[in-house]
Amino acid sequence: MNKGKLKVYLPSITASIVLLIVGQVLSKGFASANNIGSILTVASVLAIASIAQTLVILTGNEGIDLSVGAVMSMGALFGPLLAGGASSHLPIAFLMLAVIGGLIGLINGIGVQFVKIPPLVMTLIMVSVVNGFSLAYTKGQPAIQMPPVLLEVGAKIFGPIRWLLIIAVIILIIMEVILRKSRYGRSLYLVGNNRRAAEIGGIGVNKIVILSYVLAGIIGIWSGCILVGYAGSAQLEMAKDYTLLSIAAVVIGGTKLTGGEGTLLGGVLGAIVLTILTSVLVAVGMPDGVRELIQGLTLLVILMVYSRAPKLRQ
Amino acid sequence: MSLEIKQLAKRYGSVVAIRQASLKVNDGEVMAILGGNGSGKSTLAKIIGGAVNPSEGIITYGTEKLQVKSPKDAKRKGIVITSQELSLFDNLSVKTNLLMCEIPRKFGLFVDKNTLEKRAEGIMGKMGISHLLDKPTKELAPNEQYMVEFAKALIQEPKVLIIDEITSALYREDVEMVKNLVAELKRKGCMILFISHRMSEIFSMCDSVTVMKNGETIGTFGINEKSENELLSLMTGKDLTRVEESEVVSHGREDKAEMMLSIKNLKLQSFSKSIDLEVRKGEIIGVAGLQGHGQSDLVRTLFGLQQHIKINLDGKQIDITNPYQSVQAGLAFISGDREREGVYGTRSISENLRSVKELVTKQGDVPEEELLKDYGVVFNSVNQPINTLSGGNQQKVVIGRWMATEPKVVLADDPTKGIDVQARRDVHRILHKLAEKGSAVIMVSSDDEELVELTKRVKLAKIIVMYEGQISAILKGSDITTENIISASMPIGV
């Protein structure tokens with residue numbers, strides 16, 4: 001990696017440090033190892049969601065996945081359900097989740113690539129399909145038994161480090177390697193950068209784009225299942241906030257909303273920044289409404305700063 | 001009146017776009033500005049047109065010192081730029097686009113639409129494109145859009161007109177029109193700066209030529225003072241006069257060579273008649289013709305961009321429905337529209353170069369440094385984004401991407417559009433080399449001279465001229481001349 005690429009991470013790293021200092025000033029113990037450990041744990045779920053989001057945004061052509069939150073909520077409900085509350089059934093539950101998440105992604109991808117529905121609309125429709133399915137299946141009253149092992153994701157391994165963080169790091173490393181080294185990953189950047197050129201260059205554009213939606217579906221639904229393990233109990237639509245947050249995290253991390261440019265690590269750092277921000281607001285005892293207002297305004301400012309078009313005049 | 005530029009310089013941070021430029025144009029003078037890509041021509045044009053502020057230097061217009069604050073300000077002073085960067089609104093009609101130039105005004109306040117409309121109709125009529133007036137701009141062919149862009153400049157009745165490379169997107173009959181209009185402006189006393197890579201246009205339209213190299217004006221010469229090769233030497237700094245003359249014209253017999261690609265009864269979309277085409281191994285075929293007669297459709301169809309076709313390639317019958325299949329079969333496609341169809345702009349040179357061989361045809365590693373050096377691409381690191389290179393070098397990287405796969409047939413659709421003469425020669429050399437190894441090349445060009453130049457130094461070559469989706473003539477050997485191409489492009493009695 002050269003210096004120019006590292007520069008992309010500078011804003012999120014700086015923001016993290018500044019926020020930590022602000023937090024420490026406002027509330028003692030904020031920057032303690034223990035608190036940082038729990039901040040990172042909370043950030044892990046958003047980090048995984050932002051990895052899914054990055055894959056779709058990288059495809060370009062206004063690619064965006066608004067169904068991430070709904071798919072995660074579904075994973076939170078159906079993960080424990082499929083395992084039937086038994087830890088031994090978890091692997092098979094994860095496999096079945098992958099099939100469901102992959103299928104959702106496949107439908108998104110086909111809708112976008114072949115039916116030519118704008119990604120924004122396609123994935124928004126998917127939100128109500130997925131939520132409707134969950135609601136219909138559970139009749140609005142999810143009675144869910146948690147597999148004990150799943151509840152362990154929030155347990156400490158050593159010091160302030162918890163399993164959830166390790167899982168996020170492993171997913172990050174695997175996906176980052178896939179993006180940089182595999183034919184799929186390298187083609188994805190080219191497809192997002194100039195789709196017409198990629199087509200002419202013989203790259204199977206449809207395959208690449210659809211695969212991105214499928215992977216996003218799988219990673220999304222898994223992260224929902226991990227989230228419920230950390231939260232301890234499942235609710236309908238419990239992860240709906242993650243859609244917008246994941247987009248914000250990806251943008252903060254330097255990924256271009258126009259596609260073809262950005263890294264997974266960037267999105268993960270963005271997730272950390274957003275989580276620290278929330279923690280600071282909680283730590284100073286900000287009322288819920290004000291907190292949400294500040295978060296919303298912050299996202300607005302961030303999106304305006306990062307997405308502005310390059311100046312016309314040189 | 002005259003426009004004089006003295007010691008002009010423009011720097012972007014540490015990057016120098018113009019080191020030192022001086023020139024002087026008089027009323028009724030048509031001056032060409034000639035230079036390689038990146039020599040500073042377009043920057044100079046933008047400075048005069050007010051789109052860019054100079055870092056240093058003085059521009060005087062008549063007796064007063066000229067300070068142009070913005071393109072709008074420039075227009076008020078009668079300076080109009082028409083350039084390769086279109087300024088048209090896609091979703092509006094041509095007429096609305098033309099009426100948007102804001103002049104003339106009634107009482108200095110309101111736009112006088114009637115006068116303007118009449119003027120627009122008059123000019124479009126003169127250019128023979130009045131039928132385009134009510135069409136939405138996005139439905140126009142690229143060359144038609146450039147004609148409208150040019151019309152837009154004329155409507156403003158410029159005193160100083162800067163034509164920045166619009167002719168490279170135009171076909172021959174359009175260029176004739178531009179020539180006539182320029183001559184008319186000249187008679188009216190307008191001064192014209194003409195930027196083009198086409199020598200024949202410069203020699204037939206201009207009174208003088210200013211040569212630029214590496215951001216500096218080398219000098220201004222009367223049009224008859226220097227030969228084409230002398231000008232090229234000045235702008236490249238290399239002595240090109242001898243190379244040209246040592247070339248031998250000797251065409252071999254084509255029936256000895258094996259067949260590479262053949263197709264029968266190919267019906268191009270939007271044309272009623274069909275064509276047969278045979279291409280031999282090692283053969284270079286230039287495709288000529290008037291705009292819109294199917295040249296571009298031919299190469300695009302062969303690459304699988306337009307319809308499902310069956311071709312015979314290297315002894316095998318194959319089906320082609322999309323570029324993925326054609327690339328796997330050993331075809332390559334170089335588009336002249338490199339921004340849209342060629343480069344991955346913000347990705348690295350390396351990624352751009354490796355994109356086909358490693359990701360699609362899966363033939364393994366690309367010797368990138370070696371290839372780039374061979375093509376004369378100037379670069380610091382293969383990791384720098386490709387859009388930091390000049391246009392010509394970008395196109396060479398795109399070509400290199402295909403050459404690395406050793407394609408059987410290269411299809412090229414005006415691949416040297418808008419790149420400088422030196423880069424164009426490099427491109428020809430690359431294609432010649434490939435043909436020597438036994439591959440075939442089918443290249444479309446809107447510049448007949450280029451096709452003559454491309455095919456005359458090759459053992460096995462011909463030019464096919466297209467008319468209404470058919471091949472109206474096949475020129476070989478000494479028949480390959482621009483005159484023959486022109487007469488075959490407009491067959492009489494068809």
# chains A, B, ... in the order shown; residues from 1 in each chain; ligands from 1

$ closest_atom_pairs --of "chain B" --to "chain A" --cutoff "8 Å" --atoms "only C-alpha atoms" --output "Markdown table"
| residue | atom | partner | partner_atom | distance |
| --- | --- | --- | --- | --- |
| B:Ala51 | CA | A:Arg313 | CA | 7.0 |
| B:Val52 | CA | A:Gln314 | CA | 6.6 |
| B:Pro323 | CA | A:Gly202 | CA | 5.1 |
| B:Tyr324 | CA | A:Gly202 | CA | 4.1 |
| B:Gln325 | CA | A:Gly202 | CA | 7.4 |
| B:Ser326 | CA | A:Gly202 | CA | 7.7 |
| B:Val327 | CA | A:Gly202 | CA | 5.6 |
| B:Gln328 | CA | A:Gly202 | CA | 7.8 |
| B:Phe333 | CA | A:Ile200 | CA | 7.1 |
| B:Arg340 | CA | A:Ala197 | CA | 6.6 |
| B:Glu341 | CA | A:Ala197 | CA | 4.2 |
| B:Gly342 | CA | A:Ala197 | CA | 5.0 |
| B:Val343 | CA | A:Ala197 | CA | 6.6 |
| B:Tyr344 | CA | A:Asn194 | CA | 5.6 |
| B:Gly345 | CA | A:Asn193 | CA | 7.2 |
| B:Thr346 | CA | A:Asn193 | CA | 7.3 |
| B:Arg347 | CA | A:Asn193 | CA | 7.6 |
| B:Ser355 | CA | A:Gly201 | CA | 7.5 |
| B:Val356 | CA | A:Gly201 | CA | 6.1 |
| B:Leu359 | CA | A:Arg183 | CA | 5.7 |
| B:Val360 | CA | A:Ile203 | CA | 6.0 |

$ write_last_selection --atoms "C-alpha atoms" --output "mmCIF file, in the first residue's frame"
data_model
loop_
_atom_site.group_PDB
_atom_site.id
_atom_site.type_symbol
_atom_site.label_atom_id
_atom_site.label_comp_id
_atom_site.auth_asym_id
_atom_site.auth_seq_id
_atom_site.Cartn_x
_atom_site.Cartn_y
_atom_site.Cartn_z
ATOM 1 C CA ALA B 51 -12.086 29.568 -17.900
ATOM 2 C CA VAL B 52 -8.630 29.542 -16.319
ATOM 3 C CA PRO B 323 -17.799 -9.066 -25.511
ATOM 4 C CA TYR B 324 -16.996 -11.722 -22.913
ATOM 5 C CA GLN B 325 -17.221 -14.389 -25.607
ATOM 6 C CA SER B 326 -15.335 -12.399 -28.193
ATOM 7 C CA VAL B 327 -12.489 -11.697 -25.783
ATOM 8 C CA GLN B 328 -12.274 -15.387 -24.907
ATOM 9 C CA PHE B 333 -11.568 -3.910 -29.215
ATOM 10 C CA ARG B 340 -16.206 6.160 -21.677
ATOM 11 C CA GLU B 341 -15.081 2.884 -23.150
ATOM 12 C CA GLY B 342 -11.409 2.499 -22.414
ATOM 13 C CA VAL B 343 -9.698 3.601 -19.236
ATOM 14 C CA TYR B 344 -10.533 2.961 -15.617
ATOM 15 C CA GLY B 345 -9.754 6.588 -14.820
ATOM 16 C CA THR B 346 -8.863 6.610 -11.148
ATOM 17 C CA ARG B 347 -7.380 3.110 -11.059
ATOM 18 C CA SER B 355 -7.381 -6.070 -16.610
ATOM 19 C CA VAL B 356 -7.838 -8.310 -19.617
ATOM 20 C CA LEU B 359 -8.895 -11.224 -15.145
ATOM 21 C CA VAL B 360 -10.565 -12.317 -18.366
#

$ select_by_dssp --residues "stretch 89-251 of chain A" --states "strand (DSSP E or B)" --output "list of chain:residue names"
A:Lys156, A:Ile157, A:Phe158, A:Ile161, A:Arg162

$ write_last_selection --atoms "all heavy atoms" --output "PDB file, in the first residue's frame"
ATOM      1  N   LYS A 156     -15.721 -11.765  27.322  1.00  0.00           N
ATOM      2  CA  LYS A 156     -14.323 -11.357  27.195  1.00  0.00           C
ATOM      3  C   LYS A 156     -13.418 -12.573  27.024  1.00  0.00           C
ATOM      4  O   LYS A 156     -13.643 -13.614  27.649  1.00  0.00           O
ATOM      5  CB  LYS A 156     -13.902 -10.587  28.438  1.00  0.00           C
ATOM      6  CG  LYS A 156     -14.541  -9.211  28.503  1.00  0.00           C
ATOM      7  CD  LYS A 156     -14.057  -8.439  29.704  1.00  0.00           C
ATOM      8  CE  LYS A 156     -14.756  -7.099  29.775  1.00  0.00           C
ATOM      9  NZ  LYS A 156     -14.454  -6.364  30.988  1.00  0.00           N
ATOM     10  N   ILE A 157     -12.407 -12.446  26.179  1.00  0.00           N
ATOM     11  CA  ILE A 157     -11.436 -13.527  26.041  1.00  0.00           C
ATOM     12  C   ILE A 157     -10.220 -13.202  26.906  1.00  0.00           C
ATOM     13  O   ILE A 157      -9.863 -13.921  27.798  1.00  0.00           O
ATOM     14  CB  ILE A 157     -10.947 -13.710  24.597  1.00  0.00           C
ATOM     15  CG1 ILE A 157     -12.110 -13.557  23.633  1.00  0.00           C
ATOM     16  CG2 ILE A 157     -10.271 -15.064  24.442  1.00  0.00           C
ATOM     17  CD1 ILE A 157     -11.667 -13.481  22.218  1.00  0.00           C
ATOM     18  N   PHE A 158      -9.587 -12.098  26.602  1.00  0.00           N
ATOM     19  CA  PHE A 158      -8.526 -11.627  27.484  1.00  0.00           C
ATOM     20  C   PHE A 158      -8.569 -10.102  27.510  1.00  0.00           C
ATOM     21  O   PHE A 158      -8.834  -9.461  26.481  1.00  0.00           O
ATOM     22  CB  PHE A 158      -7.141 -12.148  27.061  1.00  0.00           C
ATOM     23  CG  PHE A 158      -6.796 -11.874  25.626  1.00  0.00           C
ATOM     24  CD1 PHE A 158      -6.166 -10.690  25.262  1.00  0.00           C
ATOM     25  CD2 PHE A 158      -7.109 -12.807  24.648  1.00  0.00           C
ATOM     26  CE1 PHE A 158      -5.855 -10.435  23.938  1.00  0.00           C
ATOM     27  CE2 PHE A 158      -6.796 -12.547  23.328  1.00  0.00           C
ATOM     28  CZ  PHE A 158      -6.167 -11.367  22.971  1.00  0.00           C
ATOM     29  N   ILE A 161     -10.780  -7.531  25.308  1.00  0.00           N
ATOM     30  CA  ILE A 161     -11.097  -8.075  23.983  1.00  0.00           C
ATOM     31  C   ILE A 161     -12.201  -9.135  24.078  1.00  0.00           C
ATOM     32  O   ILE A 161     -12.108 -10.057  24.868  1.00  0.00           O
ATOM     33  CB  ILE A 161      -9.849  -8.730  23.348  1.00  0.00           C
ATOM     34  CG1 ILE A 161      -8.651  -7.786  23.382  1.00  0.00           C
ATOM     35  CG2 ILE A 161     -10.157  -9.211  21.925  1.00  0.00           C
ATOM     36  CD1 ILE A 161      -8.642  -6.715  22.367  1.00  0.00           C
ATOM     37  N   ARG A 162     -13.226  -8.979  23.237  1.00  0.00           N
ATOM     38  CA  ARG A 162     -14.313  -9.958  23.235  1.00  0.00           C
ATOM     39  C   ARG A 162     -14.369 -10.689  21.900  1.00  0.00           C
ATOM     40  O   ARG A 162     -13.838 -10.225  20.893  1.00  0.00           O
ATOM     41  CB  ARG A 162     -15.644  -9.236  23.474  1.00  0.00           C
ATOM     42  CG  ARG A 162     -15.763  -8.685  24.886  1.00  0.00           C
ATOM     43  CD  ARG A 162     -16.873  -7.659  24.954  1.00  0.00           C
ATOM     44  NE  ARG A 162     -16.411  -6.534  25.769  1.00  0.00           N
ATOM     45  CZ  ARG A 162     -16.985  -6.158  26.905  1.00  0.00           C
ATOM     46  NH1 ARG A 162     -18.040  -6.766  27.335  1.00  0.00           N
ATOM     47  NH2 ARG A 162     -16.508  -5.167  27.597  1.00  0.00           N
TER      48      ARG A 162
END

$ residues_around --residues "stretch 127-131 of chain B" --least-positions-apart "4" --cutoff "12 Å" --atoms "only C-alpha atoms" --output "PyMOL selection string"
chain B and resi 93-95+117-123+135-136+140+143-148+150-152+154+173-182

$ atom_distance --atom1 "atom CA of A:Leu151" --atom2 "atom CA of A:Val228"
8.0 Å

$ residues_around --residues "B:Ala332" --least-positions-apart "6" --cutoff "9 Å" --atoms "only C-alpha atoms" --output "PyMOL selection string"
(chain A and resi 200-201) or (chain B and resi 303+323+326+402-403+405+407-412)

$ write_last_selection --atoms "all heavy atoms" --output "JSON list (two decimals), in the first residue's frame"
[["chain", "number", "residue", "atom", "x", "y", "z"],
["A", 200, "ILE", "N", -16.60, -3.90, -22.28],
["A", 200, "ILE", "CA", -15.82, -4.03, -23.50],
["A", 200, "ILE", "C", -14.54, -4.82, -23.24],
["A", 200, "ILE", "O", -14.07, -5.55, -24.10],
["A", 200, "ILE", "CB", -15.53, -2.62, -24.08],
["A", 200, "ILE", "CG1", -16.81, -2.11, -24.73],
["A", 200, "ILE", "CG2", -14.38, -2.65, -25.06],
["A", 200, "ILE", "CD1", -16.71, -0.74, -25.31],
["A", 201, "GLY", "N", -14.02, -4.70, -22.03],
["A", 201, "GLY", "CA", -12.82, -5.44, -21.68],
["A", 201, "GLY", "C", -13.08, -6.91, -21.39],
["A", 201, "GLY", "O", -12.18, -7.62, -20.95],
["B", 303, "PHE", "N", -17.45, -7.49, -32.64],
["B", 303, "PHE", "CA", -17.01, -7.70, -31.26],
["B", 303, "PHE", "C", -18.17, -8.16, -30.37],
["B", 303, "PHE", "O", -17.98, -8.42, -29.19],
["B", 303, "PHE", "CB", -16.41, -6.39, -30.71],
["B", 303, "PHE", "CG", -15.65, -6.56, -29.44],
["B", 303, "PHE", "CD1", -14.52, -7.37, -29.39],
["B", 303, "PHE", "CD2", -16.05, -5.92, -28.27],
["B", 303, "PHE", "CE1", -13.81, -7.53, -28.21],
["B", 303, "PHE", "CE2", -15.34, -6.08, -27.09],
["B", 303, "PHE", "CZ", -14.22, -6.89, -27.06],
["B", 323, "PRO", "N", -19.25, -9.25, -25.50],
["B", 323, "PRO", "CA", -17.80, -9.07, -25.51],
["B", 323, "PRO", "C", -17.05, -10.15, -24.74],
["B", 323, "PRO", "O", -15.93, -10.50, -25.09],
["B", 323, "PRO", "CB", -17.60, -7.71, -24.84],
["B", 323, "PRO", "CG", -18.88, -7.00, -24.99],
["B", 323, "PRO", "CD", -19.94, -8.05, -25.00],
["B", 326, "SER", "N", -16.29, -12.78, -27.16],
["B", 326, "SER", "CA", -15.33, -12.40, -28.19],
["B", 326, "SER", "C", -13.93, -12.28, -27.63],
["B", 326, "SER", "O", -12.95, -12.65, -28.29],
["B", 326, "SER", "CB", -15.77, -11.12, -28.90],
["B", 326, "SER", "OG", -16.22, -10.17, -27.99],
["B", 402, "TRP", "N", -4.66, -4.93, -24.38],
["B", 402, "TRP", "CA", -5.08, -5.94, -25.37],
["B", 402, "TRP", "C", -3.89, -6.67, -25.98],
["B", 402, "TRP", "O", -3.93, -7.88, -26.19],
["B", 402, "TRP", "CB", -5.89, -5.28, -26.48],
["B", 402, "TRP", "CG", -7.22, -4.78, -26.03],
["B", 402, "TRP", "CD1", -7.60, -3.48, -25.86],
["B", 402, "TRP", "CD2", -8.35, -5.58, -25.65],
["B", 402, "TRP", "NE1", -8.89, -3.42, -25.41],
["B", 402, "TRP", "CE2", -9.38, -4.68, -25.27],
["B", 402, "TRP", "CE3", -8.60, -6.95, -25.60],
["B", 402, "TRP", "CZ2", -10.63, -5.12, -24.85],
["B", 402, "TRP", "CZ3", -9.84, -7.38, -25.18],
["B", 402, "TRP", "CH2", -10.84, -6.48, -24.80],
["B", 403, "MET", "N", -2.81, -5.92, -26.26],
["B", 403, "MET", "CA", -1.66, -6.53, -26.91],
["B", 403, "MET", "C", -1.06, -7.63, -26.04],
["B", 403, "MET", "O", -0.53, -8.61, -26.54],
["B", 403, "MET", "CB", -0.59, -5.48, -27.22],
["B", 403, "MET", "CG", -1.04, -4.45, -28.23],
["B", 403, "MET", "SD", -1.60, -5.21, -29.76],
["B", 403, "MET", "CE", -3.03, -4.23, -30.14],
["B", 405, "THR", "N", -2.49, -9.80, -24.49],
["B", 405, "THR", "CA", -3.19, -11.08, -24.64],
["B", 405, "THR", "C", -2.90, -11.73, -26.00],
["B", 405, "THR", "O", -3.43, -12.79, -26.30],
["B", 405, "THR", "CB", -4.72, -10.89, -24.53],
["B", 405, "THR", "OG1", -5.15, -10.11, -25.65],
["B", 405, "THR", "CG2", -5.10, -10.17, -23.26],
["B", 407, "PRO", "N", -3.92, -10.95, -29.16],
["B", 407, "PRO", "CA", -5.21, -11.24, -29.78],
["B", 407, "PRO", "C", -5.05, -11.71, -31.23],
["B", 407, "PRO", "O", -4.07, -11.38, -31.89],
["B", 407, "PRO", "CB", -5.94, -9.90, -29.74],
["B", 407, "PRO", "CG", -4.85, -8.88, -29.70],
["B", 407, "PRO", "CD", -3.71, -9.51, -28.96],
["B", 408, "LYS", "N", -6.04, -12.46, -31.70],
["B", 408, "LYS", "CA", -6.01, -12.91, -33.10],
["B", 408, "LYS", "C", -6.44, -11.77, -34.02],
["B", 408, "LYS", "O", -5.88, -11.58, -35.09],
["B", 408, "LYS", "CB", -6.96, -14.09, -33.27],
["B", 408, "LYS", "CG", -6.44, -15.36, -32.63],
["B", 408, "LYS", "CD", -7.44, -16.49, -32.77],
["B", 408, "LYS", "CE", -6.87, -17.75, -32.15],
["B", 408, "LYS", "NZ", -7.92, -18.72, -31.85],
["B", 409, "VAL", "N", -7.47, -11.06, -33.60],
["B", 409, "VAL", "CA", -7.96, -9.94, -34.41],
["B", 409, "VAL", "C", -8.17, -8.72, -33.51],
["B", 409, "VAL", "O", -8.80, -8.83, -32.46],
["B", 409, "VAL", "CB", -9.31, -10.29, -35.08],
["B", 409, "VAL", "CG1", -9.79, -9.12, -35.93],
["B", 409, "VAL", "CG2", -9.19, -11.54, -35.93],
["B", 410, "VAL", "N", -7.60, -7.60, -33.93],
["B", 410, "VAL", "CA", -7.84, -6.36, -33.20],
["B", 410, "VAL", "C", -8.86, -5.53, -33.97],
["B", 410, "VAL", "O", -8.68, -5.27, -35.15],
["B", 410, "VAL", "CB", -6.53, -5.55, -33.04],
["B", 410, "VAL", "CG1", -6.84, -4.17, -32.47],
["B", 410, "VAL", "CG2", -5.57, -6.28, -32.15],
["B", 411, "LEU", "N", -9.94, -5.17, -33.30],
["B", 411, "LEU", "CA", -10.93, -4.30, -33.90],
["B", 411, "LEU", "C", -10.76, -2.92, -33.26],
["B", 411, "LEU", "O", -10.69, -2.82, -32.05],
["B", 411, "LEU", "CB", -12.34, -4.83, -33.60],
["B", 411, "LEU", "CG", -12.57, -6.28, -34.05],
["B", 411, "LEU", "CD1", -13.75, -6.88, -33.33],
["B", 411, "LEU", "CD2", -12.77, -6.34, -35.55],
["B", 412, "ALA", "N", -10.66, -1.90, -34.09],
["B", 412, "ALA", "CA", -10.41, -0.57, -33.51],
["B", 412, "ALA", "C", -11.36, 0.44, -34.13],
["B", 412, "ALA", "O", -11.51, 0.50, -35.35],
["B", 412, "ALA", "CB", -8.96, -0.16, -33.76]]

$ atom_distance --atom1 "atom CA of A:Leu277" --atom2 "atom CA of A:Glu292"
11.2 Å

$ closest_atom_pairs --of "stretch 189-218 of chain A" --to "stretch 38-62 of chain A" --cutoff "6 Å" --atoms "only C-alpha atoms" --output "Markdown table"
| residue | atom | partner | partner_atom | distance |
| --- | --- | --- | --- | --- |
| A:Gly192 | CA | A:Gly60 | CA | 4.2 |
| A:Val209 | CA | A:Thr59 | CA | 5.9 |
| A:Ser212 | CA | A:Leu55 | CA | 5.6 |
| A:Tyr213 | CA | A:Val56 | CA | 5.9 |
| A:Ala216 | CA | A:Ala52 | CA | 4.2 |

$ write_last_selection --atoms "N, CA and C atoms" --output "short mmCIF file (atom, residue, chain, number, x, y, z; two decimals), in the first residue's frame"
data_model
loop_
_atom_site.label_atom_id
_atom_site.label_comp_id
_atom_site.auth_asym_id
_atom_site.auth_seq_id
_atom_site.Cartn_x
_atom_site.Cartn_y
_atom_site.Cartn_z
N GLY A 192 -16.89 -1.04 -11.07
CA GLY A 192 -17.41 0.16 -10.40
C GLY A 192 -16.83 1.42 -10.98
N VAL A 209 -21.52 -7.93 -10.36
CA VAL A 209 -22.46 -7.11 -9.60
C VAL A 209 -23.37 -7.98 -8.76
N SER A 212 -21.78 -9.43 -5.78
CA SER A 212 -21.62 -8.46 -4.70
C SER A 212 -22.87 -8.36 -3.84
N TYR A 213 -24.04 -8.33 -4.48
CA TYR A 213 -25.29 -8.28 -3.72
C TYR A 213 -25.47 -9.57 -2.91
N ALA A 216 -23.18 -9.49 0.04
CA ALA A 216 -23.70 -8.52 1.00
C ALA A 216 -24.86 -9.14 1.78
#

$ closest_residue --among "B:Arg280, B:Lys267, B:Arg300, B:Lys186" --to "B:Gly438" --atoms "only C-alpha atoms"
B:Arg280

$ select_by_dssp --residues "stretch 237-382 of chain B" --states "helix (DSSP H, G or I)" --output "PyMOL selection string"
chain B and resi 241-245+254-256+295-302+323-329+338-341+349-354+368-374

$ atom_distance --atom1 "atom CA of B:Phe221" --atom2 "atom CA of B:Thr82"
23.9 Å

$ residues_around --residues "B:Lys476" --least-positions-apart "5" --cutoff "7 Å" --atoms "only C-alpha atoms" --output "PDB file with N, CA, C and O atoms, in the first residue's frame"
ATOM      1  N   ALA B 461      -2.289  -5.367 -46.817  1.00  0.00           N
ATOM      2  CA  ALA B 461      -3.213  -4.363 -46.295  1.00  0.00           C
ATOM      3  C   ALA B 461      -4.190  -3.947 -47.369  1.00  0.00           C
ATOM      4  O   ALA B 461      -3.919  -4.068 -48.566  1.00  0.00           O
ATOM      5  N   LYS B 462      -5.341  -3.507 -46.937  1.00  0.00           N
ATOM      6  CA  LYS B 462      -6.283  -2.904 -47.871  1.00  0.00           C
ATOM      7  C   LYS B 462      -7.185  -1.934 -47.117  1.00  0.00           C
ATOM      8  O   LYS B 462      -7.222  -1.931 -45.892  1.00  0.00           O
ATOM      9  N   ILE B 463      -7.877  -1.131 -47.890  1.00  0.00           N
ATOM     10  CA  ILE B 463      -8.851  -0.229 -47.281  1.00  0.00           C
ATOM     11  C   ILE B 463     -10.208  -0.578 -47.855  1.00  0.00           C
ATOM     12  O   ILE B 463     -10.365  -0.714 -49.071  1.00  0.00           O
TER      13      ILE B 463
END

$ residues_around --residues "B:Asp164" --least-positions-apart "2" --cutoff "7 Å" --atoms "only C-alpha atoms" --output "list in words"
Ser42, Thr82, Ser83, Gln84, Ile162, Ile166, Phe194, Ile195 and Ser196 of chain B

$ closest_residue --among "B:Gly469, B:Gly49, B:Gly330, B:Gly125" --to "B:Asp276" --atoms "only C-alpha atoms"
B:Gly469

$ residues_around --residues "B:Tyr467" --least-positions-apart "3" --cutoff "10 Å" --atoms "only C-alpha atoms" --output "list in words"
Ala288, Gly289, Leu290, Gln291, Gly292, His293, Gly294, Gln295, Ile464, Gln470, Ile471, Ser472, Ala473, Ala488, Ser489, Met490, Pro491 and Val494 of chain B

$ write_last_selection --atoms "C-alpha atoms" --output "compact mmCIF listing (two decimals), in the first residue's frame"
# COMPACT_ATOMS: atom_id res chain seq x y z
CA ALA B 288 -13.24 4.32 -44.43
CA GLY B 289 -16.41 6.08 -45.44
CA LEU B 290 -18.65 8.99 -44.67
CA GLN B 291 -20.02 9.31 -41.19
CA GLY B 292 -22.85 6.94 -40.31
CA HIS B 293 -22.41 4.47 -43.13
CA GLY B 294 -21.77 1.54 -40.84
CA GLN B 295 -17.98 1.60 -40.25
CA ILE B 464 -12.53 -0.97 -47.47
CA GLN B 470 -22.17 -2.00 -47.57
CA ILE B 471 -18.65 -2.16 -48.88
CA SER B 472 -18.58 0.17 -51.85
CA ALA B 473 -14.92 -0.31 -52.72
CA ALA B 488 -15.67 5.63 -53.21
CA SER B 489 -17.34 7.19 -50.18
CA MET B 490 -19.76 9.01 -52.41
CA PRO B 491 -20.48 6.58 -55.21
CA VAL B 494 -26.07 4.27 -56.32

$ decode --residues "stretch 117-124 of chain A" --atoms "N, CA and C atoms" --output "PDB file, in the first residue's frame"
ATOM      1  N   ILE A 117     -33.979  -2.178 -12.328  1.00  0.00           N
ATOM      2  CA  ILE A 117     -34.599  -1.350 -11.302  1.00  0.00           C
ATOM      3  C   ILE A 117     -33.468  -0.601 -10.594  1.00  0.00           C
ATOM      4  N   PRO A 118     -33.591   0.708 -10.368  1.00  0.00           N
ATOM      5  CA  PRO A 118     -32.512   1.420  -9.669  1.00  0.00           C
ATOM      6  C   PRO A 118     -32.246   0.761  -8.305  1.00  0.00           C
ATOM      7  N   PRO A 119     -30.973   0.582  -7.936  1.00  0.00           N
ATOM      8  CA  PRO A 119     -30.620  -0.110  -6.694  1.00  0.00           C
ATOM      9  C   PRO A 119     -31.347   0.449  -5.475  1.00  0.00           C
ATOM     10  N   LEU A 120     -31.476   1.783  -5.442  1.00  0.00           N
ATOM     11  CA  LEU A 120     -32.138   2.420  -4.313  1.00  0.00           C
ATOM     12  C   LEU A 120     -33.561   1.886  -4.140  1.00  0.00           C
ATOM     13  N   VAL A 121     -34.271   1.815  -5.250  1.00  0.00           N
ATOM     14  CA  VAL A 121     -35.665   1.364  -5.217  1.00  0.00           C
ATOM     15  C   VAL A 121     -35.730  -0.139  -4.959  1.00  0.00           C
ATOM     16  N   MET A 122     -34.907  -0.886  -5.672  1.00  0.00           N
ATOM     17  CA  MET A 122     -34.921  -2.338  -5.558  1.00  0.00           C
ATOM     18  C   MET A 122     -34.696  -2.783  -4.118  1.00  0.00           C
ATOM     19  N   THR A 123     -33.654  -2.243  -3.484  1.00  0.00           N
ATOM     20  CA  THR A 123     -33.329  -2.714  -2.140  1.00  0.00           C
ATOM     21  C   THR A 123     -34.314  -2.156  -1.103  1.00  0.00           C
ATOM     22  N   LEU A 124     -34.938  -1.012  -1.439  1.00  0.00           N
ATOM     23  CA  LEU A 124     -35.961  -0.465  -0.536  1.00  0.00           C
ATOM     24  C   LEU A 124     -37.198  -1.368  -0.548  1.00  0.00           C
TER      25      LEU A 124
END
